[in-house]
Amino acid sequence: MADLEDVQTVDLMSELLRRLKCSQKPDKRLIFIGPPGSGKGTQSPIVKDEFCLCHLSTGDMLRAAVASKTPLGLKAKEAMDKGALVTDELVVGIIDEAMNKPRCQKGFILDGFPRTVAQAEKLDEMLKKRGTGIDKVLNFAIDDSVLEERITGRWIHPSSGRSYHTKFAPPKTPGVDDITGEPLIQRKDDNAEVLRSRLAAFHSQTEPVIDYYAKKAVLTNIKAEKAPQEVTSEVQKALS
């Protein structure tokens, strides 16, 4: 814990102002669902800042719980060391723990969870005990063929991290970085086969979760193939 006496006044004041502004925002508990490449990662920081929510990515939370050696973290570590999957109860417990943090006071965005109906039910049980529930589930709906074009067209300049796209942001000379003239590469995962198997897994697991929330009347479909700015305004409309 940082000693508050050592924190610059300007930083303290801006944090106080942020908290005052946030105290007037409505609470929101959100879930973002969408396949790899659907743009969830672009939209969540925008929504997080707009509504003062915390972003809960289950992978990050598990790693943090393991690192901070919380009782649940130790259990998770035991499972991971054995190469076993971390149980749904454990993950929901870690989400429950995270919700006590001050930055999660106004609510959260859950990303990458729940992936199955069983997980969705356990999450609902936990939230019910707290007297709350999920307010909105945004489904970033996008055609597989659009995703394939988005992902398989990506080329990277390894040393700078600059990225290009054969159709949407092509380099001046095909296969060559604009600035250094060095060759571009494609990431191993950015190929159609890997993407197809990831999408097949996503659809078979997640379609039932989408139905589950649709029946509860908290689901909004977002047309994720639009330009990022347009997607942002759709998201804001869905949350207003």
# chains A, B, ... in the order shown; residues from 1 in each chain; ligands from 1

call {"tool": "residues_around", "arguments": {"residues": "region 156-162 of chain A", "least_positions_apart": "4", "cutoff": "8 Å", "atoms": "only C-alpha atoms", "output": "compact mmCIF listing (two decimals) with C-alpha atoms, in the first residue's frame"}}
result
# COMPACT_ATOMS: atom_id res chain seq x y z
CA ASP A 177 7.47 -2.09 -43.11
CA GLU A 182 12.22 -4.58 -42.98
CA PRO A 183 10.05 -7.62 -43.78
CA LEU A 184 6.66 -8.06 -42.09
CA ILE A 185 5.53 -11.32 -40.51
CA GLN A 186 2.21 -12.97 -39.71
CA ARG A 187 1.61 -14.29 -36.20

call {"tool": "residues_around", "arguments": {"residues": "Ala76 (chain A)", "least_positions_apart": "6", "cutoff": "8 Å", "atoms": "only C-alpha atoms", "output": "list in words"}}
result
Leu62, Val66, Val86 and Leu90 of chain A

call {"tool": "closest_atom_pairs", "arguments": {"of": "region 196-240 of chain A", "to": "region 128-137 of chain A", "cutoff": "9 Å", "atoms": "only C-alpha atoms", "output": "Markdown table"}}
result
| residue | atom | partner | partner_atom | distance |
| --- | --- | --- | --- | --- |
| A:Ile210 | CA | A:Val137 | CA | 8.4 |
| A:Tyr213 | CA | A:Val137 | CA | 7.1 |
| A:Ala214 | CA | A:Val137 | CA | 8.7 |
| A:Ala217 | CA | A:Lys136 | CA | 8.7 |
| A:Val218 | CA | A:Lys136 | CA | 4.9 |
| A:Leu219 | CA | A:Val137 | CA | 4.7 |
| A:Thr220 | CA | A:Val137 | CA | 6.2 |
| A:Asn221 | CA | A:Val137 | CA | 8.5 |
| A:Ala238 | CA | A:Lys136 | CA | 8.5 |
| A:Leu239 | CA | A:Lys136 | CA | 7.6 |

call {"tool": "residues_around", "arguments": {"residues": "Gly153 (chain A)", "least_positions_apart": "4", "cutoff": "6 Å", "atoms": "only C-alpha atoms", "output": "compact mmCIF listing (two decimals) with C-alpha atoms, in the first residue's frame"}}
result
# COMPACT_ATOMS: atom_id res chain seq x y z
CA GLU A 149 -10.68 -11.42 -43.16
CA HIS A 165 -3.69 -5.13 -42.77
CA THR A 166 -3.62 -6.20 -46.40

call {"tool": "residues_around", "arguments": {"residues": "Ile222 (chain A)", "least_positions_apart": "5", "cutoff": "10 Å", "atoms": "only C-alpha atoms", "output": "ChimeraX atom specification"}}
result
/A:33-34,138-142,231-232,234-235,238

call {"tool": "residues_around", "arguments": {"residues": "region 10-21 of chain A", "least_positions_apart": "5", "cutoff": "10 Å", "atoms": "only C-alpha atoms", "output": "VMD selection string"}}
result
chain A and resid 4 to 5 51 to 52 102 to 103

call {"tool": "write_last_selection", "arguments": {"atoms": "all heavy atoms", "output": "mmCIF file, in the first residue's frame"}}
result
data_model
loop_
_atom_site.group_PDB
_atom_site.id
_atom_site.type_symbol
_atom_site.label_atom_id
_atom_site.label_comp_id
_atom_site.auth_asym_id
_atom_site.auth_seq_id
_atom_site.Cartn_x
_atom_site.Cartn_y
_atom_site.Cartn_z
ATOM 1 N N LEU A 4 0.049 7.451 1.717
ATOM 2 C CA LEU A 4 -0.666 8.585 1.121
ATOM 3 C C LEU A 4 0.104 9.904 1.276
ATOM 4 O O LEU A 4 -0.028 10.790 0.441
ATOM 5 C CB LEU A 4 -2.064 8.723 1.739
ATOM 6 C CG LEU A 4 -3.068 7.651 1.331
ATOM 7 C CD1 LEU A 4 -4.407 7.894 2.006
ATOM 8 C CD2 LEU A 4 -3.256 7.612 -0.176
ATOM 9 N N GLU A 5 0.907 10.009 2.334
ATOM 10 C CA GLU A 5 1.680 11.246 2.529
ATOM 11 C C GLU A 5 2.680 11.464 1.397
ATOM 12 O O GLU A 5 3.102 12.587 1.149
ATOM 13 C CB GLU A 5 2.431 11.202 3.870
ATOM 14 C CG GLU A 5 1.501 11.340 5.066
ATOM 15 C CD GLU A 5 2.241 11.218 6.391
ATOM 16 O OE1 GLU A 5 3.466 10.989 6.386
ATOM 17 O OE2 GLU A 5 1.582 11.339 7.431
ATOM 18 N N PHE A 51 -18.230 4.658 -17.113
ATOM 19 C CA PHE A 51 -19.128 4.323 -15.992
ATOM 20 C C PHE A 51 -18.400 3.982 -14.688
ATOM 21 O O PHE A 51 -19.023 3.531 -13.734
ATOM 22 C CB PHE A 51 -20.053 3.166 -16.391
ATOM 23 C CG PHE A 51 -21.011 3.525 -17.487
ATOM 24 C CD1 PHE A 51 -20.791 3.098 -18.791
ATOM 25 C CD2 PHE A 51 -22.125 4.319 -17.224
ATOM 26 C CE1 PHE A 51 -21.673 3.448 -19.821
ATOM 27 C CE2 PHE A 51 -23.010 4.667 -18.243
ATOM 28 C CZ PHE A 51 -22.781 4.235 -19.544
ATOM 29 N N CYS A 52 -17.063 4.180 -14.660
ATOM 30 C CA CYS A 52 -16.280 3.917 -13.446
ATOM 31 C C CYS A 52 -16.400 2.464 -12.983
ATOM 32 O O CYS A 52 -16.601 2.188 -11.797
ATOM 33 C CB CYS A 52 -16.714 4.843 -12.307
ATOM 34 S SG CYS A 52 -16.679 6.574 -12.762
ATOM 35 N N PRO A 102 -12.526 -1.297 -3.807
ATOM 36 C CA PRO A 102 -13.117 0.026 -4.057
ATOM 37 C C PRO A 102 -13.338 0.320 -5.540
ATOM 38 O O PRO A 102 -14.359 0.892 -5.908
ATOM 39 C CB PRO A 102 -12.084 1.000 -3.472
ATOM 40 C CG PRO A 102 -11.332 0.207 -2.468
ATOM 41 C CD PRO A 102 -11.344 -1.216 -2.941
ATOM 42 N N ARG A 103 -12.408 -0.113 -6.396
ATOM 43 C CA ARG A 103 -12.574 0.240 -7.818
ATOM 44 C C ARG A 103 -13.730 -0.508 -8.474
ATOM 45 O O ARG A 103 -14.154 -0.176 -9.563
ATOM 46 C CB ARG A 103 -11.268 0.062 -8.592
ATOM 47 C CG ARG A 103 -10.783 -1.349 -8.715
ATOM 48 C CD ARG A 103 -9.344 -1.409 -9.222
ATOM 49 N NE ARG A 103 -8.829 -2.758 -9.108
ATOM 50 C CZ ARG A 103 -9.001 -3.701 -10.020
ATOM 51 N NH1 ARG A 103 -9.669 -3.430 -11.122
ATOM 52 N NH2 ARG A 103 -8.515 -4.906 -9.840
#

call {"tool": "atom_distance", "arguments": {"atom1": "CA of Val47 (chain A)", "atom2": "CA of Ile95 (chain A)"}}
result
19.0 Å

call {"tool": "residues_around", "arguments": {"residues": "Phe202 (chain A)", "least_positions_apart": "4", "cutoff": "10 Å", "atoms": "only C-alpha atoms", "output": "MDAnalysis selection string"}}
result
chainID A and resid 33:36 115 196:198 206:207

call {"tool": "residues_around", "arguments": {"residues": "Asn191 (chain A)", "least_positions_apart": "4", "cutoff": "8 Å", "atoms": "only C-alpha atoms", "output": "mmCIF file with N, CA and C atoms, in the first residue's frame"}}
result
data_model
loop_
_atom_site.group_PDB
_atom_site.id
_atom_site.type_symbol
_atom_site.label_atom_id
_atom_site.label_comp_id
_atom_site.auth_asym_id
_atom_site.auth_seq_id
_atom_site.Cartn_x
_atom_site.Cartn_y
_atom_site.Cartn_z
ATOM 1 N N ILE A 151 -8.561 -11.073 -39.281
ATOM 2 C CA ILE A 151 -7.423 -11.673 -38.594
ATOM 3 C C ILE A 151 -6.361 -12.191 -39.554
ATOM 4 N N THR A 152 -6.795 -12.815 -40.658
ATOM 5 C CA THR A 152 -5.801 -13.393 -41.565
ATOM 6 C C THR A 152 -5.096 -12.315 -42.394
ATOM 7 N N ARG A 187 1.567 -13.486 -37.427
ATOM 8 C CA ARG A 187 1.614 -14.285 -36.199
ATOM 9 C C ARG A 187 1.143 -15.700 -36.497
ATOM 10 N N LEU A 195 -7.979 -19.923 -36.391
ATOM 11 C CA LEU A 195 -9.167 -19.116 -36.125
ATOM 12 C C LEU A 195 -10.430 -19.982 -36.191
#

call {"tool": "closest_residue", "arguments": {"among": "A:Asp211, A:Asp111, A:Asp189, A:Asp124", "to": "Ser57 (chain A)", "atoms": "only C-alpha atoms"}}
result
A:Asp111

call {"tool": "select_by_dssp", "arguments": {"residues": "region 101-202 of chain A", "states": "strand (DSSP E or B)", "output": "list in words"}}
result
Gly107, Phe108, Ile109, Leu110, Asp111, Lys136, Val137, Leu138, Asn139, Phe140, Ala141, Arg154, Trp155, Ile156, Ser163, Tyr164, His165, Ala169, Val176, Pro183 and Ile185 of chain A

call {"tool": "write_last_selection", "arguments": {"atoms": "C-alpha atoms", "output": "compact mmCIF listing (two decimals), in the first residue's frame"}}
result
# COMPACT_ATOMS: atom_id res chain seq x y z
CA GLY A 107 -19.89 -2.44 -10.86
CA PHE A 108 -17.85 -4.42 -13.37
CA ILE A 109 -17.37 -5.62 -16.92
CA LEU A 110 -16.85 -9.37 -17.06
CA ASP A 111 -14.89 -10.49 -20.08
CA LYS A 136 -26.74 -6.09 -19.31
CA VAL A 137 -25.01 -8.64 -21.53
CA LEU A 138 -23.54 -7.28 -24.75
CA ASN A 139 -23.08 -9.84 -27.49
CA PHE A 140 -20.51 -8.63 -30.04
CA ALA A 141 -22.09 -10.38 -33.00
CA ARG A 154 -2.90 -8.86 -40.19
CA TRP A 155 0.84 -8.37 -40.72
CA ILE A 156 3.24 -7.27 -37.99
CA SER A 163 0.67 -3.66 -37.52
CA TYR A 164 -0.76 -3.56 -41.02
CA HIS A 165 -3.69 -5.13 -42.77
CA ALA A 169 -4.25 -0.63 -43.62
CA VAL A 176 7.53 -4.53 -46.07
CA PRO A 183 10.05 -7.62 -43.78
CA ILE A 185 5.53 -11.32 -40.51

call {"tool": "select_by_dssp", "arguments": {"residues": "region 10-235 of chain A", "states": "helix (DSSP H, G or I)", "output": "MDAnalysis selection string"}}
result
chainID A and resid 10:23 40:51 58:67 71:81 88:98 102:104 117:129 144:152 192:215 228:235

call {"tool": "closest_residue", "arguments": {"among": "A:Leu199, A:Val91, A:Met80, A:Ala65", "to": "Asp143 (chain A)", "atoms": "only C-alpha atoms"}}
result
A:Leu199

call {"tool": "atom_distance", "arguments": {"atom1": "CA of Ala224 (chain A)", "atom2": "CA of Gln43 (chain A)"}}
result
10.3 Å

call {"tool": "atom_distance", "arguments": {"atom1": "CA of Pro208 (chain A)", "atom2": "CA of Glu148 (chain A)"}}
result
22.8 Å
